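The structure file protein34.cif is reproduced below (mmCIF, N, CA and C atoms).
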```
data_start
loop_
_atom_site.group_PDB
_atom_site.id
_atom_site.type_symbol
_atom_site.label_atom_id
_atom_site.label_comp_id
_atom_site.auth_asym_id
_atom_site.auth_seq_id
_atom_site.Cartn_x
_atom_site.Cartn_y
_atom_site.Cartn_z
ATOM 1 N N MET Q 1 -8.677 68.723 -42.127
ATOM 2 C CA MET Q 1 -8.313 67.948 -40.968
ATOM 3 C C MET Q 1 -9.180 66.706 -40.948
ATOM 4 N N LYS Q 2 -8.583 65.548 -40.736
ATOM 5 C CA LYS Q 2 -9.294 64.278 -40.693
ATOM 6 C C LYS Q 2 -9.190 63.715 -39.290
ATOM 7 N N LYS Q 3 -10.293 63.148 -38.790
ATOM 8 C CA LYS Q 3 -10.269 62.574 -37.454
ATOM 9 C C LYS Q 3 -11.196 61.373 -37.399
ATOM 10 N N GLU Q 4 -10.692 60.287 -36.853
ATOM 11 C CA GLU Q 4 -11.503 59.112 -36.613
ATOM 12 C C GLU Q 4 -11.727 58.997 -35.119
ATOM 13 N N ALA Q 5 -12.769 58.306 -34.730
ATOM 14 C CA ALA Q 5 -13.114 58.170 -33.314
ATOM 15 C C ALA Q 5 -11.915 57.669 -32.514
ATOM 16 N N GLY Q 6 -11.625 58.367 -31.397
ATOM 17 C CA GLY Q 6 -10.546 57.950 -30.502
ATOM 18 C C GLY Q 6 -9.149 58.312 -30.961
ATOM 19 N N GLN Q 7 -9.021 59.095 -32.039
ATOM 20 C CA GLN Q 7 -7.699 59.459 -32.545
ATOM 21 C C GLN Q 7 -7.531 60.968 -32.553
ATOM 22 N N LEU Q 8 -6.301 61.389 -32.486
ATOM 23 C CA LEU Q 8 -5.992 62.805 -32.645
ATOM 24 C C LEU Q 8 -6.220 63.204 -34.090
ATOM 25 N N PRO Q 9 -6.529 64.474 -34.346
ATOM 26 C CA PRO Q 9 -6.753 64.887 -35.734
ATOM 27 C C PRO Q 9 -5.486 64.756 -36.568
ATOM 28 N N ALA Q 10 -5.656 64.375 -37.820
ATOM 29 C CA ALA Q 10 -4.545 64.297 -38.764
ATOM 30 C C ALA Q 10 -4.721 65.420 -39.770
ATOM 31 N N PHE Q 11 -3.689 66.232 -39.945
ATOM 32 C CA PHE Q 11 -3.747 67.348 -40.874
ATOM 33 C C PHE Q 11 -3.234 66.913 -42.238
ATOM 34 N N ASP Q 12 -3.867 67.434 -43.285
ATOM 35 C CA ASP Q 12 -3.321 67.241 -44.626
ATOM 36 C C ASP Q 12 -1.976 67.954 -44.668
ATOM 37 N N LYS Q 13 -1.026 67.414 -45.428
ATOM 38 C CA LYS Q 13 0.308 68.006 -45.484
ATOM 39 C C LYS Q 13 0.631 68.478 -46.883
ATOM 40 N N ASP Q 14 1.459 69.531 -46.952
ATOM 41 C CA ASP Q 14 1.892 70.035 -48.246
ATOM 42 C C ASP Q 14 3.083 69.228 -48.743
ATOM 43 N N GLN Q 15 3.645 69.628 -49.894
ATOM 44 C CA GLN Q 15 4.742 68.873 -50.508
ATOM 45 C C GLN Q 15 5.994 68.820 -49.647
ATOM 46 N N ASN Q 16 6.134 69.754 -48.687
ATOM 47 C CA ASN Q 16 7.315 69.781 -47.830
ATOM 48 C C ASN Q 16 7.073 69.185 -46.459
ATOM 49 N N GLY Q 17 5.888 68.615 -46.240
ATOM 50 C CA GLY Q 17 5.609 67.945 -44.986
ATOM 51 C C GLY Q 17 4.984 68.811 -43.914
ATOM 52 N N ALA Q 18 4.692 70.072 -44.215
ATOM 53 C CA ALA Q 18 4.051 70.961 -43.234
ATOM 54 C C ALA Q 18 2.547 70.766 -43.296
ATOM 55 N N ALA Q 19 1.894 70.819 -42.132
ATOM 56 C CA ALA Q 19 0.447 70.677 -42.090
ATOM 57 C C ALA Q 19 -0.212 71.871 -42.762
ATOM 58 N N ARG Q 20 -1.194 71.603 -43.603
ATOM 59 C CA ARG Q 20 -1.939 72.686 -44.258
ATOM 60 C C ARG Q 20 -2.879 73.322 -43.233
ATOM 61 N N GLY Q 21 -3.036 74.640 -43.331
ATOM 62 C CA GLY Q 21 -3.973 75.334 -42.464
ATOM 63 C C GLY Q 21 -3.448 75.594 -41.066
ATOM 64 N N SER Q 22 -2.202 75.343 -40.832
ATOM 65 C CA SER Q 22 -1.596 75.626 -39.531
ATOM 66 C C SER Q 22 -0.250 76.285 -39.771
ATOM 67 N N PRO Q 23 0.288 76.964 -38.753
ATOM 68 C CA PRO Q 23 1.617 77.561 -38.953
ATOM 69 C C PRO Q 23 2.638 76.463 -39.255
ATOM 70 N N PRO Q 24 3.459 76.648 -40.279
ATOM 71 C CA PRO Q 24 4.430 75.602 -40.607
ATOM 72 C C PRO Q 24 5.479 75.435 -39.508
ATOM 73 N N VAL Q 25 5.722 74.186 -39.147
ATOM 74 C CA VAL Q 25 6.734 73.826 -38.159
ATOM 75 C C VAL Q 25 7.592 72.729 -38.771
ATOM 76 N N TYR Q 26 8.902 72.914 -38.722
ATOM 77 C CA TYR Q 26 9.836 71.947 -39.287
ATOM 78 C C TYR Q 26 10.850 71.541 -38.228
ATOM 79 N N ASN Q 27 11.376 70.339 -38.358
ATOM 80 C CA ASN Q 27 12.431 69.866 -37.467
ATOM 81 C C ASN Q 27 13.796 70.157 -38.078
ATOM 82 N N CYS Q 28 14.640 70.788 -37.289
ATOM 83 C CA CYS Q 28 16.015 71.051 -37.685
ATOM 84 C C CYS Q 28 16.898 70.158 -36.815
ATOM 85 N N LEU Q 29 17.629 69.258 -37.428
ATOM 86 C CA LEU Q 29 18.557 68.395 -36.701
ATOM 87 C C LEU Q 29 19.903 69.104 -36.640
ATOM 88 N N ALA Q 30 20.158 69.768 -35.517
ATOM 89 C CA ALA Q 30 21.371 70.571 -35.345
ATOM 90 C C ALA Q 30 22.506 69.707 -34.809
ATOM 91 N N ILE Q 31 23.672 69.854 -35.412
ATOM 92 C CA ILE Q 31 24.893 69.198 -34.938
ATOM 93 C C ILE Q 31 25.847 70.312 -34.512
ATOM 94 N N LEU Q 32 26.275 70.262 -33.257
ATOM 95 C CA LEU Q 32 27.154 71.285 -32.685
ATOM 96 C C LEU Q 32 28.535 70.712 -32.447
ATOM 97 N N SER Q 33 29.545 71.452 -32.872
ATOM 98 C CA SER Q 33 30.928 71.034 -32.645
ATOM 99 C C SER Q 33 31.380 71.468 -31.255
ATOM 100 N N ALA Q 34 32.486 70.913 -30.837
ATOM 101 C CA ALA Q 34 33.152 71.429 -29.636
ATOM 102 C C ALA Q 34 33.783 72.769 -30.014
ATOM 103 N N PRO Q 35 34.003 73.654 -29.051
ATOM 104 C CA PRO Q 35 34.645 74.936 -29.382
ATOM 105 C C PRO Q 35 36.021 74.725 -30.015
ATOM 106 N N ASP Q 36 36.331 75.543 -31.026
ATOM 107 C CA ASP Q 36 37.653 75.471 -31.651
ATOM 108 C C ASP Q 36 38.662 76.241 -30.793
ATOM 109 N N ALA Q 37 39.874 76.391 -31.283
ATOM 110 C CA ALA Q 37 40.946 77.043 -30.519
ATOM 111 C C ALA Q 37 40.611 78.490 -30.164
ATOM 112 N N GLU Q 38 39.763 79.137 -30.966
ATOM 113 C CA GLU Q 38 39.378 80.524 -30.701
ATOM 114 C C GLU Q 38 38.053 80.635 -29.954
ATOM 115 N N GLY Q 39 37.463 79.483 -29.600
ATOM 116 C CA GLY Q 39 36.217 79.474 -28.831
ATOM 117 C C GLY Q 39 34.946 79.440 -29.655
ATOM 118 N N TRP Q 40 35.065 79.354 -30.973
ATOM 119 C CA TRP Q 40 33.881 79.317 -31.829
ATOM 120 C C TRP Q 40 33.289 77.919 -31.869
ATOM 121 N N ILE Q 41 31.952 77.847 -31.864
ATOM 122 C CA ILE Q 41 31.226 76.588 -31.992
ATOM 123 C C ILE Q 41 30.535 76.594 -33.352
ATOM 124 N N ALA Q 42 30.774 75.559 -34.142
ATOM 125 C CA ALA Q 42 30.116 75.431 -35.436
ATOM 126 C C ALA Q 42 28.813 74.662 -35.243
ATOM 127 N N ALA Q 43 27.782 75.073 -35.963
ATOM 128 C CA ALA Q 43 26.495 74.380 -35.955
ATOM 129 C C ALA Q 43 26.084 74.144 -37.393
ATOM 130 N N ARG Q 44 25.643 72.934 -37.676
ATOM 131 C CA ARG Q 44 25.157 72.629 -39.019
ATOM 132 C C ARG Q 44 23.822 71.919 -38.907
ATOM 133 N N CYS Q 45 23.023 72.061 -39.949
ATOM 134 C CA CYS Q 45 21.737 71.380 -40.006
ATOM 135 C C CYS Q 45 21.956 70.086 -40.781
ATOM 136 N N SER Q 46 21.894 68.979 -40.071
ATOM 137 C CA SER Q 46 22.195 67.696 -40.684
ATOM 138 C C SER Q 46 21.119 67.233 -41.663
ATOM 139 N N ASN Q 47 19.872 67.666 -41.462
ATOM 140 C CA ASN Q 47 18.806 67.198 -42.344
ATOM 141 C C ASN Q 47 18.462 68.187 -43.470
ATOM 142 N N LEU Q 48 19.161 69.331 -43.535
ATOM 143 C CA LEU Q 48 19.006 70.275 -44.650
ATOM 144 C C LEU Q 48 20.415 70.701 -45.069
ATOM 145 N N PRO Q 49 20.954 70.091 -46.104
ATOM 146 C CA PRO Q 49 22.349 70.313 -46.491
ATOM 147 C C PRO Q 49 22.682 71.777 -46.779
ATOM 148 N N GLY Q 50 23.913 72.149 -46.453
ATOM 149 C CA GLY Q 50 24.433 73.465 -46.801
ATOM 150 C C GLY Q 50 24.320 74.531 -45.738
ATOM 151 N N LEU Q 51 23.653 74.252 -44.636
ATOM 152 C CA LEU Q 51 23.517 75.252 -43.578
ATOM 153 C C LEU Q 51 24.573 75.021 -42.506
ATOM 154 N N VAL Q 52 25.548 75.924 -42.436
ATOM 155 C CA VAL Q 52 26.613 75.868 -41.437
ATOM 156 C C VAL Q 52 26.837 77.287 -40.929
ATOM 157 N N VAL Q 53 26.821 77.449 -39.612
ATOM 158 C CA VAL Q 53 27.022 78.758 -38.980
ATOM 159 C C VAL Q 53 27.958 78.585 -37.789
ATOM 160 N N ARG Q 54 28.344 79.720 -37.174
ATOM 161 C CA ARG Q 54 29.192 79.665 -35.976
ATOM 162 C C ARG Q 54 28.649 80.623 -34.921
ATOM 163 N N GLY Q 55 29.025 80.349 -33.673
ATOM 164 C CA GLY Q 55 28.671 81.232 -32.573
ATOM 165 C C GLY Q 55 29.661 81.068 -31.445
ATOM 166 N N LYS Q 56 29.695 82.032 -30.549
ATOM 167 C CA LYS Q 56 30.622 81.967 -29.406
ATOM 168 C C LYS Q 56 30.087 81.082 -28.285
ATOM 169 N N SER Q 57 28.807 80.703 -28.346
ATOM 170 C CA SER Q 57 28.208 79.788 -27.371
ATOM 171 C C SER Q 57 27.267 78.863 -28.133
ATOM 172 N N GLN Q 58 26.831 77.784 -27.487
ATOM 173 C CA GLN Q 58 25.866 76.907 -28.140
ATOM 174 C C GLN Q 58 24.583 77.669 -28.452
ATOM 175 N N ARG Q 59 24.144 78.503 -27.518
ATOM 176 C CA ARG Q 59 22.917 79.277 -27.716
ATOM 177 C C ARG Q 59 23.046 80.196 -28.945
ATOM 178 N N GLU Q 60 24.177 80.883 -29.054
ATOM 179 C CA GLU Q 60 24.404 81.790 -30.185
ATOM 180 C C GLU Q 60 24.469 81.014 -31.502
ATOM 181 N N ALA Q 61 25.138 79.869 -31.487
ATOM 182 C CA ALA Q 61 25.245 79.043 -32.694
ATOM 183 C C ALA Q 61 23.873 78.502 -33.099
ATOM 184 N N LEU Q 62 23.088 78.043 -32.133
ATOM 185 C CA LEU Q 62 21.750 77.532 -32.446
ATOM 186 C C LEU Q 62 20.834 78.637 -32.964
ATOM 187 N N ALA Q 63 20.919 79.822 -32.375
ATOM 188 C CA ALA Q 63 20.100 80.950 -32.837
ATOM 189 C C ALA Q 63 20.446 81.301 -34.285
ATOM 190 N N ALA Q 64 21.729 81.309 -34.607
ATOM 191 C CA ALA Q 64 22.152 81.603 -35.978
ATOM 192 C C ALA Q 64 21.696 80.505 -36.936
ATOM 193 N N LEU Q 65 21.740 79.246 -36.489
ATOM 194 C CA LEU Q 65 21.310 78.135 -37.334
ATOM 195 C C LEU Q 65 19.806 78.204 -37.586
ATOM 196 N N VAL Q 66 19.022 78.505 -36.562
ATOM 197 C CA VAL Q 66 17.571 78.629 -36.733
ATOM 198 C C VAL Q 66 17.259 79.760 -37.717
ATOM 199 N N ALA Q 67 17.951 80.889 -37.602
ATOM 200 C CA ALA Q 67 17.731 82.009 -38.528
ATOM 201 C C ALA Q 67 18.054 81.591 -39.964
ATOM 202 N N ALA Q 68 19.164 80.888 -40.155
ATOM 203 C CA ALA Q 68 19.554 80.428 -41.496
ATOM 204 C C ALA Q 68 18.552 79.404 -42.028
ATOM 205 N N PHE Q 69 18.092 78.506 -41.157
ATOM 206 C CA PHE Q 69 17.112 77.485 -41.521
ATOM 207 C C PHE Q 69 15.816 78.154 -41.988
ATOM 208 N N LYS Q 70 15.314 79.115 -41.188
ATOM 209 C CA LYS Q 70 14.083 79.828 -41.556
ATOM 210 C C LYS Q 70 14.232 80.543 -42.894
ATOM 211 N N ALA Q 71 15.350 81.208 -43.089
ATOM 212 C CA ALA Q 71 15.581 81.948 -44.327
ATOM 213 C C ALA Q 71 15.593 81.003 -45.528
ATOM 214 N N GLU Q 72 16.273 79.875 -45.409
ATOM 215 C CA GLU Q 72 16.371 78.933 -46.532
ATOM 216 C C GLU Q 72 15.033 78.275 -46.830
ATOM 217 N N VAL Q 73 14.336 77.804 -45.802
ATOM 218 C CA VAL Q 73 13.038 77.151 -46.019
ATOM 219 C C VAL Q 73 12.037 78.160 -46.580
ATOM 220 N N SER Q 74 12.039 79.378 -46.064
ATOM 221 C CA SER Q 74 11.132 80.417 -46.570
ATOM 222 C C SER Q 74 11.435 80.747 -48.023
ATOM 223 N N ARG Q 75 12.722 80.839 -48.366
ATOM 224 C CA ARG Q 75 13.118 81.135 -49.747
ATOM 225 C C ARG Q 75 12.640 80.036 -50.690
ATOM 226 N N LEU Q 76 12.841 78.793 -50.286
ATOM 227 C CA LEU Q 76 12.418 77.663 -51.124
ATOM 228 C C LEU Q 76 10.900 77.637 -51.281
ATOM 229 N N ALA Q 77 10.176 77.847 -50.188
ATOM 230 C CA ALA Q 77 8.715 77.834 -50.244
ATOM 231 C C ALA Q 77 8.187 78.975 -51.110
ATOM 232 N N ALA Q 78 8.794 80.152 -51.001
ATOM 233 C CA ALA Q 78 8.345 81.320 -51.764
ATOM 234 C C ALA Q 78 8.531 81.131 -53.267
ATOM 235 N N THR Q 79 9.525 80.346 -53.641
ATOM 236 C CA THR Q 79 9.780 80.113 -55.064
ATOM 237 C C THR Q 79 9.150 78.806 -55.558
ATOM 238 N N GLY Q 80 8.415 78.126 -54.670
ATOM 239 C CA GLY Q 80 7.724 76.900 -55.057
ATOM 240 C C GLY Q 80 8.616 75.689 -55.182
ATOM 241 N N GLN Q 81 9.835 75.773 -54.666
ATOM 242 C CA GLN Q 81 10.765 74.650 -54.749
ATOM 243 C C GLN Q 81 10.555 73.693 -53.573
ATOM 244 N N ALA Q 82 10.765 72.426 -53.823
ATOM 245 C CA ALA Q 82 10.712 71.430 -52.756
ATOM 246 C C ALA Q 82 11.940 71.598 -51.859
ATOM 247 N N ILE Q 83 11.767 71.326 -50.592
ATOM 248 C CA ILE Q 83 12.886 71.410 -49.648
ATOM 249 C C ILE Q 83 13.717 70.133 -49.798
ATOM 250 N N PRO Q 84 15.023 70.266 -50.049
ATOM 251 C CA PRO Q 84 15.860 69.083 -50.289
ATOM 252 C C PRO Q 84 16.297 68.403 -48.987
ATOM 253 N N TRP Q 85 15.349 67.818 -48.271
ATOM 254 C CA TRP Q 85 15.669 67.168 -46.989
ATOM 255 C C TRP Q 85 16.677 66.060 -47.181
ATOM 256 N N ASN Q 86 17.600 65.940 -46.256
ATOM 257 C CA ASN Q 86 18.555 64.837 -46.238
ATOM 258 C C ASN Q 86 17.890 63.705 -45.464
ATOM 259 N N GLU Q 87 17.475 62.667 -46.163
ATOM 260 C CA GLU Q 87 16.753 61.563 -45.542
ATOM 261 C C GLU Q 87 17.649 60.685 -44.659
ATOM 262 N N SER Q 88 18.951 60.765 -44.844
ATOM 263 C CA SER Q 88 19.905 59.991 -44.034
ATOM 264 C C SER Q 88 20.937 60.949 -43.453
ATOM 265 N N PRO Q 89 20.545 61.734 -42.426
ATOM 266 C CA PRO Q 89 21.450 62.783 -41.937
ATOM 267 C C PRO Q 89 22.712 62.285 -41.250
ATOM 268 N N GLY Q 90 22.765 61.029 -40.854
ATOM 269 C CA GLY Q 90 23.977 60.506 -40.223
ATOM 270 C C GLY Q 90 24.079 60.871 -38.757
ATOM 271 N N GLU Q 91 25.103 60.386 -38.151
ATOM 272 C CA GLU Q 91 25.342 60.571 -36.722
ATOM 273 C C GLU Q 91 26.385 61.662 -36.498
ATOM 274 N N PRO Q 92 26.334 62.319 -35.324
ATOM 275 C CA PRO Q 92 27.380 63.302 -35.013
ATOM 276 C C PRO Q 92 28.734 62.608 -34.855
ATOM 277 N N ALA Q 93 29.783 63.306 -35.211
ATOM 278 C CA ALA Q 93 31.148 62.789 -35.040
ATOM 279 C C ALA Q 93 31.514 62.824 -33.557
ATOM 280 N N PRO Q 94 32.557 62.103 -33.171
ATOM 281 C CA PRO Q 94 32.993 62.166 -31.770
ATOM 282 C C PRO Q 94 33.269 63.614 -31.356
ATOM 283 N N GLY Q 95 32.763 64.012 -30.192
ATOM 284 C CA GLY Q 95 32.938 65.373 -29.696
ATOM 285 C C GLY Q 95 31.828 66.327 -30.109
ATOM 286 N N GLU Q 96 30.968 65.901 -31.034
ATOM 287 C CA GLU Q 96 29.846 66.736 -31.454
ATOM 288 C C GLU Q 96 28.594 66.372 -30.658
ATOM 289 N N GLN Q 97 27.661 67.308 -30.595
ATOM 290 C CA GLN Q 97 26.387 67.081 -29.924
ATOM 291 C C GLN Q 97 25.259 67.275 -30.917
ATOM 292 N N GLN Q 98 24.188 66.544 -30.712
ATOM 293 C CA GLN Q 98 23.019 66.613 -31.596
ATOM 294 C C GLN Q 98 21.838 67.211 -30.832
ATOM 295 N N ARG Q 99 21.095 68.097 -31.491
ATOM 296 C CA ARG Q 99 19.905 68.713 -30.899
ATOM 297 C C ARG Q 99 18.795 68.757 -31.949
ATOM 298 N N TRP Q 100 17.588 68.353 -31.580
ATOM 299 C CA TRP Q 100 16.417 68.557 -32.430
ATOM 300 C C TRP Q 100 15.830 69.894 -32.052
ATOM 301 N N VAL Q 101 15.581 70.744 -33.039
ATOM 302 C CA VAL Q 101 15.009 72.059 -32.796
ATOM 303 C C VAL Q 101 13.757 72.203 -33.658
ATOM 304 N N ALA Q 102 12.606 72.446 -33.021
ATOM 305 C CA ALA Q 102 11.376 72.727 -33.762
ATOM 306 C C ALA Q 102 11.434 74.172 -34.227
ATOM 307 N N VAL Q 103 11.299 74.382 -35.523
ATOM 308 C CA VAL Q 103 11.402 75.732 -36.092
ATOM 309 C C VAL Q 103 10.044 76.133 -36.650
ATOM 310 N N HIS Q 104 9.484 77.185 -36.113
ATOM 311 C CA HIS Q 104 8.207 77.738 -36.577
ATOM 312 C C HIS Q 104 8.502 78.857 -37.563
ATOM 313 N N LEU Q 105 7.900 78.795 -38.738
ATOM 314 C CA LEU Q 105 8.118 79.858 -39.713
ATOM 315 C C LEU Q 105 7.151 80.998 -39.469
#
```
Would you mind giving the structure from this file in structure tokens?
Amino acid sequence: MKKEAGQLPAFDKDQNGAARGSPPVYNCLAILSAPDAEGWIAARCSNLPGLVVRGKSQREALAALVAAFKAEVSRLAATGQAIPWNESPGEPAPGEQQRWVAVHL
């Protein structure tokens, strides 16, 4: 941890951007669709490609997305692979909602 007078401490970071020596926390940029004809809401992680889940409510969809996010990031970290962050996640389409979710591993 590095700190200069009058500043908050700065933590050294690993290859995936998590602070060393602290519990890893990552940002998941969740995009939620409007409910489909059967009432399902799709949720995708815009900044980590390939994660798409569904739920009957926004809460259920977000919970499933966080679980998928944790599983994928943990799998990549355990195998020493870099996390393939999408540096340009784009904007939600009309009718979609965007949520930032802090995910603690």
(request) Could you give me, as a list in words, the residues that sit within 6.5 Å of (19.0, 67.1, -33.9) in the file's coordinates, counting only N, CA and C atoms? (result) Cys28, Leu29, Ala30, Ile31, Gln98, Arg99, Trp100 and Val101 of chain Q
Please produce a file of the residues just selected, as a PDB file, keeping the file's coordinate frame, where the atoms kept are N, CA and C atoms.
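Result written to result_34.pdb:
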```pdb
ATOM      1  N   CYS Q  28      14.640  70.788 -37.289  1.00  0.00           N
ATOM      2  CA  CYS Q  28      16.015  71.051 -37.685  1.00  0.00           C
ATOM      3  C   CYS Q  28      16.898  70.158 -36.815  1.00  0.00           C
ATOM      4  N   LEU Q  29      17.629  69.258 -37.428  1.00  0.00           N
ATOM      5  CA  LEU Q  29      18.557  68.395 -36.701  1.00  0.00           C
ATOM      6  C   LEU Q  29      19.903  69.104 -36.640  1.00  0.00           C
ATOM      7  N   ALA Q  30      20.158  69.768 -35.517  1.00  0.00           N
ATOM      8  CA  ALA Q  30      21.371  70.571 -35.345  1.00  0.00           C
ATOM      9  C   ALA Q  30      22.506  69.707 -34.809  1.00  0.00           C
ATOM     10  N   ILE Q  31      23.672  69.854 -35.412  1.00  0.00           N
ATOM     11  CA  ILE Q  31      24.893  69.198 -34.938  1.00  0.00           C
ATOM     12  C   ILE Q  31      25.847  70.312 -34.512  1.00  0.00           C
ATOM     13  N   GLN Q  98      24.188  66.544 -30.712  1.00  0.00           N
ATOM     14  CA  GLN Q  98      23.019  66.613 -31.596  1.00  0.00           C
ATOM     15  C   GLN Q  98      21.838  67.211 -30.832  1.00  0.00           C
ATOM     16  N   ARG Q  99      21.095  68.097 -31.491  1.00  0.00           N
ATOM     17  CA  ARG Q  99      19.905  68.713 -30.899  1.00  0.00           C
ATOM     18  C   ARG Q  99      18.795  68.757 -31.949  1.00  0.00           C
ATOM     19  N   TRP Q 100      17.588  68.353 -31.580  1.00  0.00           N
ATOM     20  CA  TRP Q 100      16.417  68.557 -32.430  1.00  0.00           C
ATOM     21  C   TRP Q 100      15.830  69.894 -32.052  1.00  0.00           C
ATOM     22  N   VAL Q 101      15.581  70.744 -33.039  1.00  0.00           N
ATOM     23  CA  VAL Q 101      15.009  72.059 -32.796  1.00  0.00           C
ATOM     24  C   VAL Q 101      13.757  72.203 -33.658  1.00  0.00           C
TER      25      VAL Q 101
END
```
(request) Identify, with DSSP run on backbone atoms, the residues in chain Q assigned to alpha helix (DSSP H), and express the list as a VMD selection string. (result) chain Q and resid 58 to 78
Could you write out the selected residues, including N, CA and C atoms, as a compact mmCIF listing (two decimals), in the coordinates of the input?
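Below you can see out.txt, which holds the result:
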```
# COMPACT_ATOMS: atom_id res chain seq x y z
N GLN Q 58 26.83 77.78 -27.49
CA GLN Q 58 25.87 76.91 -28.14
C GLN Q 58 24.58 77.67 -28.45
N ARG Q 59 24.14 78.50 -27.52
CA ARG Q 59 22.92 79.28 -27.72
C ARG Q 59 23.05 80.20 -28.94
N GLU Q 60 24.18 80.88 -29.05
CA GLU Q 60 24.40 81.79 -30.18
C GLU Q 60 24.47 81.01 -31.50
N ALA Q 61 25.14 79.87 -31.49
CA ALA Q 61 25.24 79.04 -32.69
C ALA Q 61 23.87 78.50 -33.10
N LEU Q 62 23.09 78.04 -32.13
CA LEU Q 62 21.75 77.53 -32.45
C LEU Q 62 20.83 78.64 -32.96
N ALA Q 63 20.92 79.82 -32.38
CA ALA Q 63 20.10 80.95 -32.84
C ALA Q 63 20.45 81.30 -34.28
N ALA Q 64 21.73 81.31 -34.61
CA ALA Q 64 22.15 81.60 -35.98
C ALA Q 64 21.70 80.50 -36.94
N LEU Q 65 21.74 79.25 -36.49
CA LEU Q 65 21.31 78.14 -37.33
C LEU Q 65 19.81 78.20 -37.59
N VAL Q 66 19.02 78.50 -36.56
CA VAL Q 66 17.57 78.63 -36.73
C VAL Q 66 17.26 79.76 -37.72
N ALA Q 67 17.95 80.89 -37.60
CA ALA Q 67 17.73 82.01 -38.53
C ALA Q 67 18.05 81.59 -39.96
N ALA Q 68 19.16 80.89 -40.16
CA ALA Q 68 19.55 80.43 -41.50
C ALA Q 68 18.55 79.40 -42.03
N PHE Q 69 18.09 78.51 -41.16
CA PHE Q 69 17.11 77.48 -41.52
C PHE Q 69 15.82 78.15 -41.99
N LYS Q 70 15.31 79.11 -41.19
CA LYS Q 70 14.08 79.83 -41.56
C LYS Q 70 14.23 80.54 -42.89
N ALA Q 71 15.35 81.21 -43.09
CA ALA Q 71 15.58 81.95 -44.33
C ALA Q 71 15.59 81.00 -45.53
N GLU Q 72 16.27 79.88 -45.41
CA GLU Q 72 16.37 78.93 -46.53
C GLU Q 72 15.03 78.28 -46.83
N VAL Q 73 14.34 77.80 -45.80
CA VAL Q 73 13.04 77.15 -46.02
C VAL Q 73 12.04 78.16 -46.58
N SER Q 74 12.04 79.38 -46.06
CA SER Q 74 11.13 80.42 -46.57
C SER Q 74 11.44 80.75 -48.02
N ARG Q 75 12.72 80.84 -48.37
CA ARG Q 75 13.12 81.14 -49.75
C ARG Q 75 12.64 80.04 -50.69
N LEU Q 76 12.84 78.79 -50.29
CA LEU Q 76 12.42 77.66 -51.12
C LEU Q 76 10.90 77.64 -51.28
N ALA Q 77 10.18 77.85 -50.19
CA ALA Q 77 8.72 77.83 -50.24
C ALA Q 77 8.19 78.97 -51.11
N ALA Q 78 8.79 80.15 -51.00
CA ALA Q 78 8.35 81.32 -51.76
C ALA Q 78 8.53 81.13 -53.27
```
(request) Write out as a PyMOL selection string which residues come within 7 Å of Val66 (chain Q) when counting all atoms listed in the file, dropping same-chain ones fewer than 5 positions away. (result) chain Q and resi 61+71+103
(request) Please write as a list in words the full residue list that the PyMOL selection byres (((chain Q and resi 39 and name CA) around 12) and name CA) yields on this file. (result)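 Applied to this file, the PyMOL selection byres (((chain Q and resi 39 and name CA) around 12) and name CA) returns Ser33, Ala34, Pro35, Asp36, Ala37, Glu38, Trp40, Ile41, Ala42, Arg54, Gly55, Lys56, Ser57, Gln58 and Ala61 of chain Q.
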(message) Using all atoms listed in the file, list the residues that have an atom at most 7 Å from (17.3, 64.6, -45.7), coordinates as in the file, as JSON, numbers by chain.
(response) {"Q": [46, 47, 48, 49, 84, 85, 86, 87, 88, 89]}
Dump as a short mmCIF file (atom, residue, chain, number, x, y, z; two decimals), in the frame of the given file, selection limited to N, CA and C atoms:
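Result file follows (result.cif):
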```
data_model
loop_
_atom_site.label_atom_id
_atom_site.label_comp_id
_atom_site.auth_asym_id
_atom_site.auth_seq_id
_atom_site.Cartn_x
_atom_site.Cartn_y
_atom_site.Cartn_z
N SER Q 46 21.89 68.98 -40.07
CA SER Q 46 22.20 67.70 -40.68
C SER Q 46 21.12 67.23 -41.66
N ASN Q 47 19.87 67.67 -41.46
CA ASN Q 47 18.81 67.20 -42.34
C ASN Q 47 18.46 68.19 -43.47
N LEU Q 48 19.16 69.33 -43.54
CA LEU Q 48 19.01 70.28 -44.65
C LEU Q 48 20.42 70.70 -45.07
N PRO Q 49 20.95 70.09 -46.10
CA PRO Q 49 22.35 70.31 -46.49
C PRO Q 49 22.68 71.78 -46.78
N PRO Q 84 15.02 70.27 -50.05
CA PRO Q 84 15.86 69.08 -50.29
C PRO Q 84 16.30 68.40 -48.99
N TRP Q 85 15.35 67.82 -48.27
CA TRP Q 85 15.67 67.17 -46.99
C TRP Q 85 16.68 66.06 -47.18
N ASN Q 86 17.60 65.94 -46.26
CA ASN Q 86 18.56 64.84 -46.24
C ASN Q 86 17.89 63.70 -45.46
N GLU Q 87 17.48 62.67 -46.16
CA GLU Q 87 16.75 61.56 -45.54
C GLU Q 87 17.65 60.68 -44.66
N SER Q 88 18.95 60.76 -44.84
CA SER Q 88 19.90 59.99 -44.03
C SER Q 88 20.94 60.95 -43.45
N PRO Q 89 20.54 61.73 -42.43
CA PRO Q 89 21.45 62.78 -41.94
C PRO Q 89 22.71 62.28 -41.25
#
```
(request) Find the distance between atom C of Leu105 (chain Q) and atom C of Val53 (chain Q) and write it in Å to one decimal. (result)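 Separation of atom C of Leu105 (chain Q) and atom C of Val53 (chain Q): 21.0 Å.
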(request) One decimal, Å: what's the distance from atom C of Leu32 (chain Q) over to CA of Val52 (chain Q), could you say? (result)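 Separation of atom C of Leu32 (chain Q) and CA of Val52 (chain Q): 10.5 Å.
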(message) What's the separation between CA of Ser22 (chain Q) and CA of Arg59 (chain Q), in Å to one decimal place?
(response)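 If I compute the distance from CA of Ser22 (chain Q) to CA of Arg59 (chain Q), I get 27.5 Å.
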(request) Could you give me, as a list in words, the residues within 7 Å of Leu65 (chain Q), counting only N, CA and C atoms and dropping anything in the same chain fewer than 2 positions from it? (result)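 The residues satisfying every condition are Ala43, Arg44, Cys45, Leu51, Val52, Val53, Arg54, Glu60, Ala61, Leu62, Ala63, Ala67, Ala68, Phe69 and Lys70 of chain Q.
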